[in-house]
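Trainee: What follows is a single structure, and I will ask about it in a moment.
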Amino acid sequence: MILSCENLTLDFNLFRAIDNCSLSIVEGSITGLIGPNGAGKTTLFNLIAGALHPKSGRILYRGEDITALSPDRRFHKGLVRTFQIPHEFHLMSVLENLMVVAPAQPGESLFRNWLDFGAVKRAESETLHRAWSTLEFLELTHIAHERAGQISGGQKKLLELGRTMMTDAKLVLLDEPAAGVNRTLLRKLEEKIALLHRERNYTFILIEHDMEMIERLCDPVICMADGQVLIEGDFHSVRSDPRVLEAYLGETSGASA
Amino acid sequence: MDWLSFTIYPVYLMIFMCIYGCLAIGLNIQWGYAGLFNAGLAGFFAVGAYTSAILTTSEAAGRLGGFDLPFPFGLAGAMIVSGLIAWPVGKICLRFRSDYLAIVTIGVAEAIRLVAKTEDWLTNSARGITGVPRPLGDLPYAQAQLAYLAIVGLILIVVYLLIERQAHAPWGRMMRAIRDNERAAVAMGKNVPVRRLEAFMLGSALMGLAGGLYVHLARTITPDAIDPMLVTFLVWIMVILGGSGNNRGVLLGAVIVWIIWSASEIVTDQLPAEFALKAKYGRMFLIGLLLQIVLRFRPEGLLPEKLRRAPLSEGALSPTGHGARIQAPHKEI
């Protein structure tokens, strides 16, 4: 288990967004996270990434309790997320958007920039190399020097994925990487995810509404509804489960007390 | 009259331009790079001015010091104390969003002014500190001014070069990322509270340096000598007009705004006495109008923040250049 969530609960005022939710992620898997809108998928991501903190419950990452850690500390442990709505650094170039992600840059220290600039330059050259390789991998080199705020929505999604490649990630949370991406680009994105999984041994959790993509990529699949895990299993067993259909079609009254 | 006397006014203007340049670069670090809305420049300026005054004057009864230290120690002290004062202020205030931060920093500046005005033992209260020495200050007036311009100009160049290095290094890139999208910066492992505090302290230290440079020019300091209109808001206009996020831009802004401000003084001085007071507000109106015009027609400033194309490492990247020859670690499918 690379990640275990135990009895997580989170309230937004009176609304219980995450309700006693427990799940485990197997190292080396691509786990699909599906569920109707408002099921709490993105909120769960925010809890795992540390952007939100649960009211109760705990999160274990590689055997360590990270419930109280800030998001930046989790990042340095290899737990990296992307955003559903792209959060690019909009005034910076695409290349800079990637370079800034590299962890432990000596050039982020004021004193080393003044006193040890040689080391900074060497590290910067490595960072550049890595960022450029990432751009080549994503086939985005032609927009390397565009302002990130001005590229297309699909390209921003690729950039989100690219940022996870700038560090030695172990667990990557992908929040709807395919939303708003055209079909051709989508297949490319899928290939990139599969390739990262294969070659870099990334473990992925993938929130997605595109069921074909889930089917091709994910095993297992977890379906959430009303802030809880409804069912977990392989794609076909989850899809054919009547409870999942109910959750999507809203046949249950839904309101949990 | 010898030729030097003709230089007196321009030299005086240029000394102030350099001091304002220091303030503008300090504010540019906070606003241009880190997105921190500091409206309390006058406070940090005052701290720097008083610190350097206390450190370099000779001993006086009834107040702290003076310690009779040489000029460079005064300036170093000004920077250190201003930077240290920025620490608790930033620690408490940087959690606020930008508009609240502005309100709080105005309050801090006012608190600092009141401390200077009331704390006899520290600042000699309203009587202020006099007899602040100036390097090469014993020369005849025109020469002394010229010498001081050289010193201040040299300090500004050093400050500019040191800060430009940070701006082009990963530190500046990280700060711009935090400014552009805080949530993403946190998710990408940047310790935002600590980094903001760093930028706030660095910027405030430069404001303190400017205060120190000012006090050795004026040779005297009183709590009311530091006008927030002149120290805080004029600098903001310099930064916005020049182009926040670009150190050369804010220096250009300092030059332009200070020339306009000083030239308008020459004009209003010609007016009869009964209009002189009104004319003072007219000058403020002029500066406000200028800000409006800039925000309407060129909100990014005269020299806007540049998109950085060439990273630090040797050889600028271009599709046909250095970068394209780098072999990708992954094969295409």
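For the structure tokens, the naming scheme is as follows: chains receive sequential letters (A, B, ...) according to their order of presentation, residues are indexed from 1 within each chain, and ligands are indexed from 1 in presentation order.
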Tell me, which residues of stretch 167-247 of chain B carry DSSP alpha helix (DSSP H), written as a count of residues only?
Mentor: 57
Trainee: Output the contact residues of chain B with respect to chain A at a cut-off of 6 Å, based on only C-alpha atoms, as a PyMOL selection string.
Mentor: chain B and resi 169-171+177+180-181+184+186-190+313+328
Trainee: So that I have them on file, write out the residues from the current selection with N, CA and C atoms, as an mmCIF file, in the first residue's frame.
Mentor:
```cif
data_model
loop_
_atom_site.group_PDB
_atom_site.id
_atom_site.type_symbol
_atom_site.label_atom_id
_atom_site.label_comp_id
_atom_site.auth_asym_id
_atom_site.auth_seq_id
_atom_site.Cartn_x
_atom_site.Cartn_y
_atom_site.Cartn_z
ATOM 1 N N ALA B 169 17.650 34.483 -11.002
ATOM 2 C CA ALA B 169 17.976 33.157 -10.469
ATOM 3 C C ALA B 169 16.678 32.415 -10.130
ATOM 4 N N PRO B 170 16.783 31.145 -9.819
ATOM 5 C CA PRO B 170 15.580 30.393 -9.434
ATOM 6 C C PRO B 170 14.792 31.050 -8.291
ATOM 7 N N TRP B 171 15.458 31.820 -7.457
ATOM 8 C CA TRP B 171 14.732 32.496 -6.373
ATOM 9 C C TRP B 171 13.643 33.412 -6.932
ATOM 10 N N ALA B 177 6.315 32.629 -9.270
ATOM 11 C CA ALA B 177 5.348 31.528 -9.266
ATOM 12 C C ALA B 177 4.383 31.675 -8.092
ATOM 13 N N ASP B 180 2.001 34.400 -8.956
ATOM 14 C CA ASP B 180 1.047 34.042 -10.018
ATOM 15 C C ASP B 180 -0.033 33.104 -9.520
ATOM 16 N N ASN B 181 0.335 32.120 -8.742
ATOM 17 C CA ASN B 181 -0.653 31.129 -8.313
ATOM 18 C C ASN B 181 -0.174 30.451 -7.030
ATOM 19 N N ALA B 184 -0.921 26.599 -6.553
ATOM 20 C CA ALA B 184 -0.062 25.725 -7.344
ATOM 21 C C ALA B 184 1.357 25.716 -6.783
ATOM 22 N N VAL B 186 2.298 26.057 -3.707
ATOM 23 C CA VAL B 186 2.321 25.182 -2.528
ATOM 24 C C VAL B 186 2.320 23.728 -2.978
ATOM 25 N N ALA B 187 1.459 23.424 -3.946
ATOM 26 C CA ALA B 187 1.368 22.040 -4.419
ATOM 27 C C ALA B 187 2.667 21.598 -5.078
ATOM 28 N N MET B 188 3.464 22.554 -5.586
ATOM 29 C CA MET B 188 4.743 22.209 -6.212
ATOM 30 C C MET B 188 5.890 22.332 -5.205
ATOM 31 N N GLY B 189 5.554 22.277 -3.929
ATOM 32 C CA GLY B 189 6.580 22.121 -2.913
ATOM 33 C C GLY B 189 7.235 23.407 -2.425
ATOM 34 N N LYS B 190 6.675 24.559 -2.779
ATOM 35 C CA LYS B 190 7.289 25.795 -2.308
ATOM 36 C C LYS B 190 6.696 26.178 -0.950
ATOM 37 N N SER B 313 21.615 29.213 -17.639
ATOM 38 C CA SER B 313 22.705 28.385 -18.147
ATOM 39 C C SER B 313 23.143 28.874 -19.514
ATOM 40 N N ALA B 328 15.956 13.603 -25.501
ATOM 41 C CA ALA B 328 14.895 13.265 -24.569
ATOM 42 C C ALA B 328 15.175 11.913 -23.949
#
```
Trainee: Fewer than 2 positions away in the same chain doesn't count, so skip those; otherwise give me all residues within 9 Å of B:Gly253, counting only C-alpha atoms, as an mmCIF file with N, CA and C atoms, in the first residue's frame.
Mentor:
```
data_model
loop_
_atom_site.group_PDB
_atom_site.id
_atom_site.type_symbol
_atom_site.label_atom_id
_atom_site.label_comp_id
_atom_site.auth_asym_id
_atom_site.auth_seq_id
_atom_site.Cartn_x
_atom_site.Cartn_y
_atom_site.Cartn_z
ATOM 1 N N GLY B 21 15.427 55.243 -5.855
ATOM 2 C CA GLY B 21 15.714 54.009 -6.592
ATOM 3 C C GLY B 21 15.811 52.825 -5.643
ATOM 4 N N ALA B 24 12.388 51.994 -4.445
ATOM 5 C CA ALA B 24 11.591 51.383 -5.512
ATOM 6 C C ALA B 24 11.999 49.923 -5.735
ATOM 7 N N VAL B 235 6.597 56.392 -4.060
ATOM 8 C CA VAL B 235 7.352 55.206 -4.486
ATOM 9 C C VAL B 235 6.423 54.206 -5.188
ATOM 10 N N ILE B 237 3.881 54.950 -6.930
ATOM 11 C CA ILE B 237 3.641 55.455 -8.289
ATOM 12 C C ILE B 237 4.855 55.178 -9.170
ATOM 13 N N MET B 238 6.046 55.341 -8.615
ATOM 14 C CA MET B 238 7.259 55.034 -9.382
ATOM 15 C C MET B 238 7.248 53.589 -9.863
ATOM 16 N N VAL B 239 6.872 52.683 -8.957
ATOM 17 C CA VAL B 239 6.908 51.255 -9.295
ATOM 18 C C VAL B 239 5.843 50.926 -10.340
ATOM 19 N N ILE B 240 4.640 51.474 -10.169
ATOM 20 C CA ILE B 240 3.563 51.146 -11.116
ATOM 21 C C ILE B 240 3.828 51.794 -12.466
ATOM 22 N N LEU B 241 4.261 53.048 -12.443
ATOM 23 C CA LEU B 241 4.526 53.739 -13.696
ATOM 24 C C LEU B 241 5.708 53.116 -14.431
ATOM 25 N N GLY B 242 6.742 52.794 -13.693
ATOM 26 C CA GLY B 242 7.938 52.245 -14.333
ATOM 27 C C GLY B 242 7.717 50.838 -14.843
ATOM 28 N N GLY B 243 6.967 50.039 -14.100
ATOM 29 C CA GLY B 243 6.724 48.659 -14.508
ATOM 30 C C GLY B 243 7.120 47.703 -13.406
ATOM 31 N N ARG B 248 14.732 47.555 -13.833
ATOM 32 C CA ARG B 248 15.087 48.717 -14.647
ATOM 33 C C ARG B 248 13.884 49.642 -14.784
ATOM 34 N N GLY B 249 12.708 49.023 -14.905
ATOM 35 C CA GLY B 249 11.473 49.792 -15.014
ATOM 36 C C GLY B 249 11.233 50.658 -13.789
ATOM 37 N N VAL B 250 11.382 50.067 -12.613
ATOM 38 C CA VAL B 250 11.085 50.864 -11.413
ATOM 39 C C VAL B 250 12.134 51.961 -11.225
ATOM 40 N N LEU B 251 13.379 51.727 -11.674
ATOM 41 C CA LEU B 251 14.376 52.799 -11.599
ATOM 42 C C LEU B 251 13.999 53.931 -12.549
ATOM 43 N N VAL B 255 13.125 57.909 -11.657
ATOM 44 C CA VAL B 255 13.679 59.089 -12.325
ATOM 45 C C VAL B 255 12.551 59.994 -12.823
ATOM 46 N N ILE B 256 11.582 59.423 -13.531
ATOM 47 C CA ILE B 256 10.522 60.231 -14.147
ATOM 48 C C ILE B 256 9.665 60.910 -13.080
ATOM 49 N N VAL B 257 9.203 60.125 -12.131
ATOM 50 C CA VAL B 257 8.294 60.693 -11.134
ATOM 51 C C VAL B 257 9.012 61.761 -10.305
ATOM 52 N N TRP B 258 10.272 61.506 -9.979
ATOM 53 C CA TRP B 258 10.971 62.499 -9.169
ATOM 54 C C TRP B 258 11.218 63.787 -9.948
ATOM 55 N N GLY B 301 2.917 49.350 -17.007
ATOM 56 C CA GLY B 301 4.058 50.220 -16.782
ATOM 57 C C GLY B 301 4.855 50.480 -18.045
ATOM 58 N N LEU B 302 5.801 51.419 -17.944
ATOM 59 C CA LEU B 302 6.569 51.790 -19.140
ATOM 60 C C LEU B 302 7.480 50.662 -19.587
ATOM 61 N N LEU B 303 8.147 50.036 -18.641
ATOM 62 C CA LEU B 303 8.991 48.872 -18.959
ATOM 63 C C LEU B 303 8.391 47.675 -18.226
#
```
Trainee: As a list in words, please: the residues near B:Ala109 (cut-off 7 Å, only C-alpha atoms, same-chain neighbours under 3 positions excluded).
Mentor: Gly40, Ala42, Gly43, Thr105, Ile106, Ile112 and Arg113 of chain B
Trainee: For those residues, write C-alpha atoms to a file as an mmCIF file, in the first residue's frame.
Mentor:
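File written: part-v5.cif
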```cif
data_model
loop_
_atom_site.group_PDB
_atom_site.id
_atom_site.type_symbol
_atom_site.label_atom_id
_atom_site.label_comp_id
_atom_site.auth_asym_id
_atom_site.auth_seq_id
_atom_site.Cartn_x
_atom_site.Cartn_y
_atom_site.Cartn_z
ATOM 1 C CA GLY B 40 4.118 51.096 5.104
ATOM 2 C CA ALA B 42 7.635 55.151 5.478
ATOM 3 C CA GLY B 43 7.885 53.011 8.608
ATOM 4 C CA THR B 105 1.270 47.989 7.005
ATOM 5 C CA ILE B 106 -0.060 51.565 6.983
ATOM 6 C CA ILE B 112 6.635 53.413 14.134
ATOM 7 C CA ARG B 113 6.200 57.156 13.617
#
```
Trainee: Could you please determine the separation between atom CA of B:Met201 and atom CA of B:Asp227 in Å, to one decimal place?
Mentor: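 Result for atom CA of B:Met201 versus atom CA of B:Asp227: 21.8 Å, one decimal.
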Trainee: Using only C-alpha atoms for the distances, tell me which of A:Asp116, A:Asp210, A:Met224, A:Leu245 is nearest to A:Ala39.
Mentor: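 Closest residue, counting only C-alpha atoms: A:Met224.
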Trainee: What's around stretch 204-212 of chain B at 9 Å? Count only C-alpha atoms, leave out sequence neighbours fewer than 4 positions away in its own chain, and write the answer as an MDAnalysis selection string.
Mentor: chainID B and resid 18:27 30 41:53 74:86 159 199:200 216:217
Trainee: Would you work out the distance separating atom CA of A:Arg187 from atom CA of A:Pro220, expressed in Å to one decimal?
Mentor: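 Computing the Euclidean distance for atom CA of A:Arg187 and atom CA of A:Pro220 yields 20.3 Å.
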Trainee: Would you list the contacts of B:Ile29 as number ranges by chain, taking every protein, DNA or RNA residue within 9 Å and counting only C-alpha atoms, but skipping same-chain residues closer than 3 positions in sequence?
Mentor: B: 24-26, 32-36, 163, 167, 172, 199-200, 202-203, 244-245, 247
Trainee: Would you mind exporting C-alpha atoms of the selected residues as an mmCIF file, in the first residue's frame?
Mentor:
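Output below, filename result-v4.cif:
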```cif
data_model
loop_
_atom_site.group_PDB
_atom_site.id
_atom_site.type_symbol
_atom_site.label_atom_id
_atom_site.label_comp_id
_atom_site.auth_asym_id
_atom_site.auth_seq_id
_atom_site.Cartn_x
_atom_site.Cartn_y
_atom_site.Cartn_z
ATOM 1 C CA ALA B 24 11.591 51.383 -5.512
ATOM 2 C CA ILE B 25 13.734 48.253 -5.829
ATOM 3 C CA GLY B 26 12.774 47.316 -2.280
ATOM 4 C CA GLY B 32 6.666 43.041 -8.255
ATOM 5 C CA TYR B 33 8.103 39.651 -7.350
ATOM 6 C CA ALA B 34 6.202 38.474 -4.308
ATOM 7 C CA GLY B 35 2.875 40.272 -4.749
ATOM 8 C CA LEU B 36 2.948 41.755 -1.251
ATOM 9 C CA ILE B 163 18.858 42.115 -6.687
ATOM 10 C CA ALA B 167 15.496 38.140 -10.004
ATOM 11 C CA GLY B 172 13.047 35.140 -8.515
ATOM 12 C CA ALA B 199 10.935 38.760 0.250
ATOM 13 C CA PHE B 200 9.286 41.037 2.790
ATOM 14 C CA LEU B 202 14.736 41.737 1.964
ATOM 15 C CA GLY B 203 12.568 44.525 0.568
ATOM 16 C CA SER B 244 6.498 46.421 -11.477
ATOM 17 C CA GLY B 245 8.417 43.180 -11.787
ATOM 18 C CA ASN B 247 14.031 46.513 -11.761
#
```
Trainee: With stretch 130-147 of chain B as the partner and 8 Å as the cut-off, tabulate the residues of stretch 24-124 of chain B that qualify, each row holding the nearest pair of atoms and their distance in Å to one decimal, using only C-alpha atoms, sorted by chain and rising number, as CSV.
Mentor:
```
residue,atom,partner,partner_atom,distance
B:Ala53,CA,B:Val132,CA,5.8
B:Thr56,CA,B:Val132,CA,6.7
B:Thr57,CA,B:Val132,CA,5.3
B:Phe71,CA,B:Pro135,CA,6.8
```
Trainee: Would you mind exporting the chosen residues as a tab-separated table (two decimals), in the first residue's frame, restricted to C-alpha atoms?
Mentor:
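As a result, again-v8.tsv now contains:
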```tsv
chain	number	residue	atom	x	y	z
B	53	ALA	CA	21.52	58.21	12.97
B	56	THR	CA	26.83	57.17	13.72
B	57	THR	CA	26.22	60.27	15.85
B	71	PHE	CA	29.05	55.47	8.01
```
Trainee: In Å, how far is it from atom CA of B:Glu198 to atom CA of B:Leu94?
Mentor: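 These atoms are spaced 10.9 Å apart.
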Trainee: Using only C-alpha atoms, which residue out of A:Leu161, A:Cys21, A:Ile2, A:Leu174 lies closest to A:Asp65?
Mentor: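 Counting only C-alpha atoms, the residue closest to A:Asp65 is A:Ile2.
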Trainee: May I have all residues of stretch 153-182 of chain A that DSSP, computed from the backbone, assigns to strand (DSSP E or B), given as a PDB file with N, CA and C atoms, in the first residue's frame?
Mentor:
```
ATOM      1  N   LEU A 171       3.652   9.008  -6.093  1.00  0.00           N
ATOM      2  CA  LEU A 171       2.200   8.912  -6.227  1.00  0.00           C
ATOM      3  C   LEU A 171       1.704  10.206  -6.864  1.00  0.00           C
ATOM      4  N   VAL A 172       1.018  10.073  -7.998  1.00  0.00           N
ATOM      5  CA  VAL A 172       0.545  11.251  -8.719  1.00  0.00           C
ATOM      6  C   VAL A 172      -0.980  11.255  -8.730  1.00  0.00           C
ATOM      7  N   LEU A 173      -1.539  12.372  -8.294  1.00  0.00           N
ATOM      8  CA  LEU A 173      -2.997  12.529  -8.295  1.00  0.00           C
ATOM      9  C   LEU A 173      -3.384  13.335  -9.527  1.00  0.00           C
ATOM     10  N   LEU A 174      -4.108  12.703 -10.443  1.00  0.00           N
ATOM     11  CA  LEU A 174      -4.516  13.404 -11.662  1.00  0.00           C
ATOM     12  C   LEU A 174      -6.007  13.712 -11.574  1.00  0.00           C
ATOM     13  N   ASP A 175      -6.332  15.003 -11.579  1.00  0.00           N
ATOM     14  CA  ASP A 175      -7.728  15.396 -11.452  1.00  0.00           C
ATOM     15  C   ASP A 175      -8.282  15.775 -12.821  1.00  0.00           C
TER      16      ASP A 175
END
```
